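Visitor: Take a look at query34.cif, mmCIF, C-alpha atoms:
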data_structure
loop_
_atom_site.label_atom_id
_atom_site.label_comp_id
_atom_site.auth_asym_id
_atom_site.auth_seq_id
_atom_site.Cartn_x
_atom_site.Cartn_y
_atom_site.Cartn_z
CA MET B 102 -12.61 -10.32 -60.42
CA ARG B 103 -14.67 -13.38 -59.56
CA LEU B 104 -11.71 -15.02 -57.80
CA LYS B 105 -11.07 -11.93 -55.66
CA PHE B 106 -14.76 -11.83 -54.70
CA THR B 107 -14.70 -15.52 -53.77
CA ILE B 108 -11.54 -15.14 -51.69
CA GLY B 109 -12.96 -12.05 -50.00
CA LEU B 110 -16.18 -13.91 -49.24
CA ILE B 111 -14.22 -16.82 -47.76
CA VAL B 112 -12.25 -14.45 -45.52
CA LEU B 113 -15.50 -12.78 -44.44
CA VAL B 114 -17.13 -16.13 -43.62
CA ILE B 115 -14.03 -17.27 -41.75
CA SER B 116 -13.93 -14.11 -39.68
CA CYS B 117 -17.61 -14.48 -38.80
CA THR B 118 -17.34 -18.15 -37.88
CA PRO B 119 -17.26 -18.67 -34.09
CA ILE B 120 -14.03 -20.69 -34.09
CA PHE B 121 -12.24 -17.90 -35.96
CA ALA B 122 -13.78 -15.28 -33.70
CA GLN B 123 -11.91 -17.01 -30.88
CA MET B 124 -8.54 -16.77 -32.62
CA THR B 125 -5.75 -14.97 -30.81
CA ALA B 126 -3.69 -12.13 -32.24
CA GLU B 127 -0.82 -14.57 -32.74
CA GLU B 128 -3.05 -17.00 -34.64
CA TRP B 129 -4.25 -14.19 -36.91
CA PHE B 130 -0.63 -13.10 -37.36
CA ASN B 131 0.37 -16.63 -38.38
CA SER B 132 -2.60 -16.82 -40.74
CA GLY B 133 -1.29 -13.64 -42.35
CA ILE B 134 2.09 -15.27 -42.83
CA ALA B 135 0.44 -18.30 -44.44
CA PHE B 136 -1.66 -16.13 -46.77
CA TYR B 137 1.39 -14.07 -47.72
CA ASN B 138 3.45 -17.19 -48.46
CA GLN B 139 0.63 -18.32 -50.78
CA GLY B 140 0.80 -15.02 -52.66
CA LYS B 141 -2.46 -13.78 -51.11
CA THR B 142 -1.20 -10.38 -50.04
CA ASN B 143 -4.57 -8.70 -49.51
CA GLU B 144 -5.79 -11.57 -47.37
CA ALA B 145 -2.54 -11.44 -45.39
CA ILE B 146 -3.11 -7.74 -44.70
CA GLN B 147 -6.66 -8.50 -43.55
CA ALA B 148 -5.35 -11.18 -41.17
CA TRP B 149 -2.72 -8.80 -39.77
CA ASP B 150 -5.44 -6.18 -39.34
CA ARG B 151 -7.38 -8.71 -37.24
CA ALA B 152 -4.28 -9.36 -35.14
CA ILE B 153 -3.91 -5.60 -34.65
CA GLU B 154 -7.61 -5.27 -33.70
CA ILE B 155 -6.98 -7.79 -30.92
CA ASN B 156 -3.59 -6.37 -29.90
CA SER B 157 -2.91 -2.86 -31.15
CA GLN B 158 0.65 -3.12 -29.78
CA TYR B 159 1.58 -6.08 -32.01
CA THR B 160 4.69 -4.63 -33.65
CA ASP B 161 5.36 -7.61 -35.91
CA ALA B 162 1.82 -7.37 -37.34
CA TRP B 163 2.30 -3.64 -38.01
CA TYR B 164 5.69 -4.36 -39.61
CA ASN B 165 4.39 -7.17 -41.83
CA LYS B 166 1.41 -5.08 -42.85
CA GLY B 167 3.83 -2.31 -43.84
CA ALA B 168 6.00 -4.69 -45.86
CA ALA B 169 2.98 -6.12 -47.69
CA LEU B 170 1.60 -2.65 -48.45
CA ASP B 171 5.01 -1.57 -49.72
CA ASN B 172 5.13 -4.61 -52.01
CA LEU B 173 1.72 -3.59 -53.39
CA GLY B 174 3.11 -0.14 -54.18
CA LYS B 175 1.12 1.51 -51.39
CA HIS B 176 4.18 3.26 -50.00
CA ASN B 177 2.43 5.97 -47.97
CA GLU B 178 0.22 3.40 -46.26
CA ALA B 179 3.29 1.24 -45.66
CA ILE B 180 5.06 4.16 -43.98
CA GLN B 181 2.05 4.66 -41.70
CA ALA B 182 2.22 0.99 -40.63
CA TYR B 183 5.99 1.17 -40.11
CA ASP B 184 5.54 4.38 -38.10
CA LYS B 185 3.03 2.63 -35.85
CA ALA B 186 5.52 -0.20 -35.20
CA ILE B 187 8.22 2.40 -34.48
CA GLU B 188 5.88 4.32 -32.17
CA ILE B 189 5.32 1.13 -30.16
CA ASP B 190 8.99 0.11 -30.22
CA PRO B 191 11.42 2.87 -31.26
CA GLN B 192 14.23 0.27 -31.28
CA TYR B 193 12.56 -1.93 -33.92
CA ALA B 194 15.32 -1.83 -36.55
CA LYS B 195 13.36 -3.79 -39.18
CA ALA B 196 10.57 -1.19 -39.07
CA TRP B 197 13.08 1.64 -39.52
CA TYR B 198 14.62 -0.21 -42.46
CA GLY B 199 11.20 -0.93 -44.00
CA LYS B 200 10.27 2.72 -43.63
CA GLY B 201 13.53 3.64 -45.35
CA THR B 202 12.79 1.40 -48.33
CA ALA B 203 9.27 2.82 -48.68
CA LEU B 204 10.65 6.36 -48.51
CA ASP B 205 13.20 5.42 -51.16
CA ASP B 206 10.39 4.16 -53.40
CA LEU B 207 8.80 7.62 -53.03
CA GLY B 208 12.06 9.35 -53.94
CA LYS B 209 12.46 10.89 -50.48
CA TYR B 210 16.18 10.21 -50.30
CA ASN B 211 17.16 12.39 -47.33
CA GLU B 212 14.42 10.79 -45.22
CA THR B 213 15.48 7.38 -46.54
CA ILE B 214 19.04 7.92 -45.33
CA ARG B 215 17.85 9.02 -41.87
CA ALA B 216 15.61 5.95 -41.49
CA ILE B 217 18.26 3.51 -42.71
CA ASP B 218 20.89 5.17 -40.50
CA LYS B 219 18.55 4.69 -37.53
CA ALA B 220 18.11 0.99 -38.40
CA ILE B 221 21.88 0.56 -38.65
CA ALA B 222 22.48 2.36 -35.35
CA ILE B 223 19.98 0.09 -33.60
CA ASP B 224 21.18 -3.14 -35.17
CA SER B 225 24.93 -2.52 -35.13
CA PRO B 226 27.04 -4.67 -32.84
CA GLU B 227 28.70 -2.88 -29.97
CA THR B 228 32.19 -1.66 -30.79
#
Please express what this file holds, its structure, as C-alpha cells.
Guide:
Amino acid sequence: MRLKFTIGLIVLVISCTPIFAQMTAEEWFNSGIAFYNQGKTNEAIQAWDRAIEINSQYTDAWYNKGAALDNLGKHNEAIQAYDKAIEIDPQYAKAWYGKGTALDDLGKYNETIRAIDKAIAIDSPET
C-alpha cells in the first residue's frame, strides 16, 4: 500500500512539474511504454491518459491503454479503449484483435469471432 502511494505521489509531482507539463503526447506515450516495461501498469495507463488528454486521436495510446487494462482483468474498460481506437481508425487491426481477446475473456464468443475476423480481414495480404 505504501509503495503504491509513493509511486502515485511521484506521478502526481511529475505531472505537476513544469517540465513535465510541457511534454508532448508522444513523450507521454513513450513514458507509458517505459512504465509498462518496468511492470508499472497503472502508471503506464496514467501516462497514456496524459497522451490522450493532449491528443484525443492518439490511436496507439488508446490501444496500449486497452491492452494494459485487459492485462489487469478490466476487460470492459479495455473494450472501451479499443473501441475508441477503432472509432478513430476503423482499419486498426491490432485494436480489433485486442477487442477480440477482451471479449473472449468475457466469454462473448460470437463477438470475439467477429472482432478477430475483422482484424484478419484488415491485416490479410492481398490475394
Visitor: Contacts of Asp184 of chain B at 10 Å or less, counting all atoms listed in the file, minus same-chain residues fewer than 6 places along, as a list in words?
Guide: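 Listed by chain and then number, they are Trp163, Tyr164, Gly167, Glu178, Asp190, Pro191, Ala196, Trp197, Gly199 and Lys200 of chain B.
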Visitor: Can you tell me which residues surround Leu170 of chain B at a distance of at most 8 Å, considering all atoms listed in the file, apart from same-chain residues fewer than 5 positions away, and format the answer as a list of chain:residue names?
Guide: B:Ile146, B:Lys175, B:His176, B:Glu178, B:Ala179
Visitor: Please indicate the distance in Å from atom CA of Phe130 of chain B to atom CA of Leu204 of chain B, rounded to one decimal place.
Guide: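 Going from atom CA of Phe130 of chain B over to atom CA of Leu204 of chain B covers 25.1 Å.
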Visitor: Which residue gives the smallest distance to Asn165 of chain B among B:Ile134, B:Ile189, B:Ile180, B:Ala203, with only C-alpha atoms counted?
Guide: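 Between B:Ile134, B:Ile189, B:Ile180, B:Ala203, the residue approaching Asn165 of chain B most closely is B:Ile134.
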Visitor: If you apply the PyMOL selection byres ((chain B and resi 198) around 10) to this file, what residues do you get, as a list in words?
Guide: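 Evaluating the PyMOL selection byres ((chain B and resi 198) around 10) on these coordinates yields Tyr183, Tyr193, Ala194, Lys195, Ala196, Trp197, Gly199, Lys200, Gly201, Thr202, Ala203, Leu204, Thr213, Ile214, Arg215, Ala216, Ile217, Asp218, Lys219, Ala220 and Ile221 of chain B.
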Visitor: Counting all atoms listed in the file, figure out which residue out of B:Ala135, B:Ile153, B:Leu207, B:Ile187 gets nearest to Lys166 of chain B.
Guide: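 Once distances to Lys166 of chain B are computed over all atoms listed in the file, the minimum belongs to B:Ile153.
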Visitor: Any chance you could work out the residue set of the PyMOL selection byres ((chain B and resi 159) around 10) here, as a VMD selection string?
Guide: chain B and resid 126 to 127 130 149 152 to 158 160 to 164 185 to 186 189 to 190
Visitor: Near Asn143 of chain B, within 10 Å and counting only C-alpha atoms, which residues show up once chain neighbours fewer than 3 positions away are dropped, as number ranges by chain?
Guide: B: 105, 108-109, 133, 136-137, 140, 146-149, 166, 169-170, 173
Visitor: Go ahead and save the picked residues with C-alpha atoms, as a compact mmCIF listing (two decimals), in the frame of the given file.
Guide:
# COMPACT_ATOMS: atom_id res chain seq x y z
CA LYS B 105 -11.07 -11.93 -55.66
CA ILE B 108 -11.54 -15.14 -51.69
CA GLY B 109 -12.96 -12.05 -50.00
CA GLY B 133 -1.29 -13.64 -42.35
CA PHE B 136 -1.66 -16.13 -46.77
CA TYR B 137 1.39 -14.07 -47.72
CA GLY B 140 0.80 -15.02 -52.66
CA ILE B 146 -3.11 -7.74 -44.70
CA GLN B 147 -6.66 -8.50 -43.55
CA ALA B 148 -5.35 -11.18 -41.17
CA TRP B 149 -2.72 -8.80 -39.77
CA LYS B 166 1.41 -5.08 -42.85
CA ALA B 169 2.98 -6.12 -47.69
CA LEU B 170 1.60 -2.65 -48.45
CA LEU B 173 1.72 -3.59 -53.39
Visitor: Could you check how far atom CA of Ser132 of chain B sits from atom CA of Asp150 of chain B, in Å to one decimal?
Guide: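 Separating atom CA of Ser132 of chain B from atom CA of Asp150 of chain B is a distance of 11.1 Å.
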Visitor: Would you work out the distance separating atom CA of Gly174 of chain B from atom CA of Asp206 of chain B, expressed in Å to one decimal?
Guide: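 Atom CA of Asp206 of chain B lies at a distance of 8.5 Å from atom CA of Gly174 of chain B.
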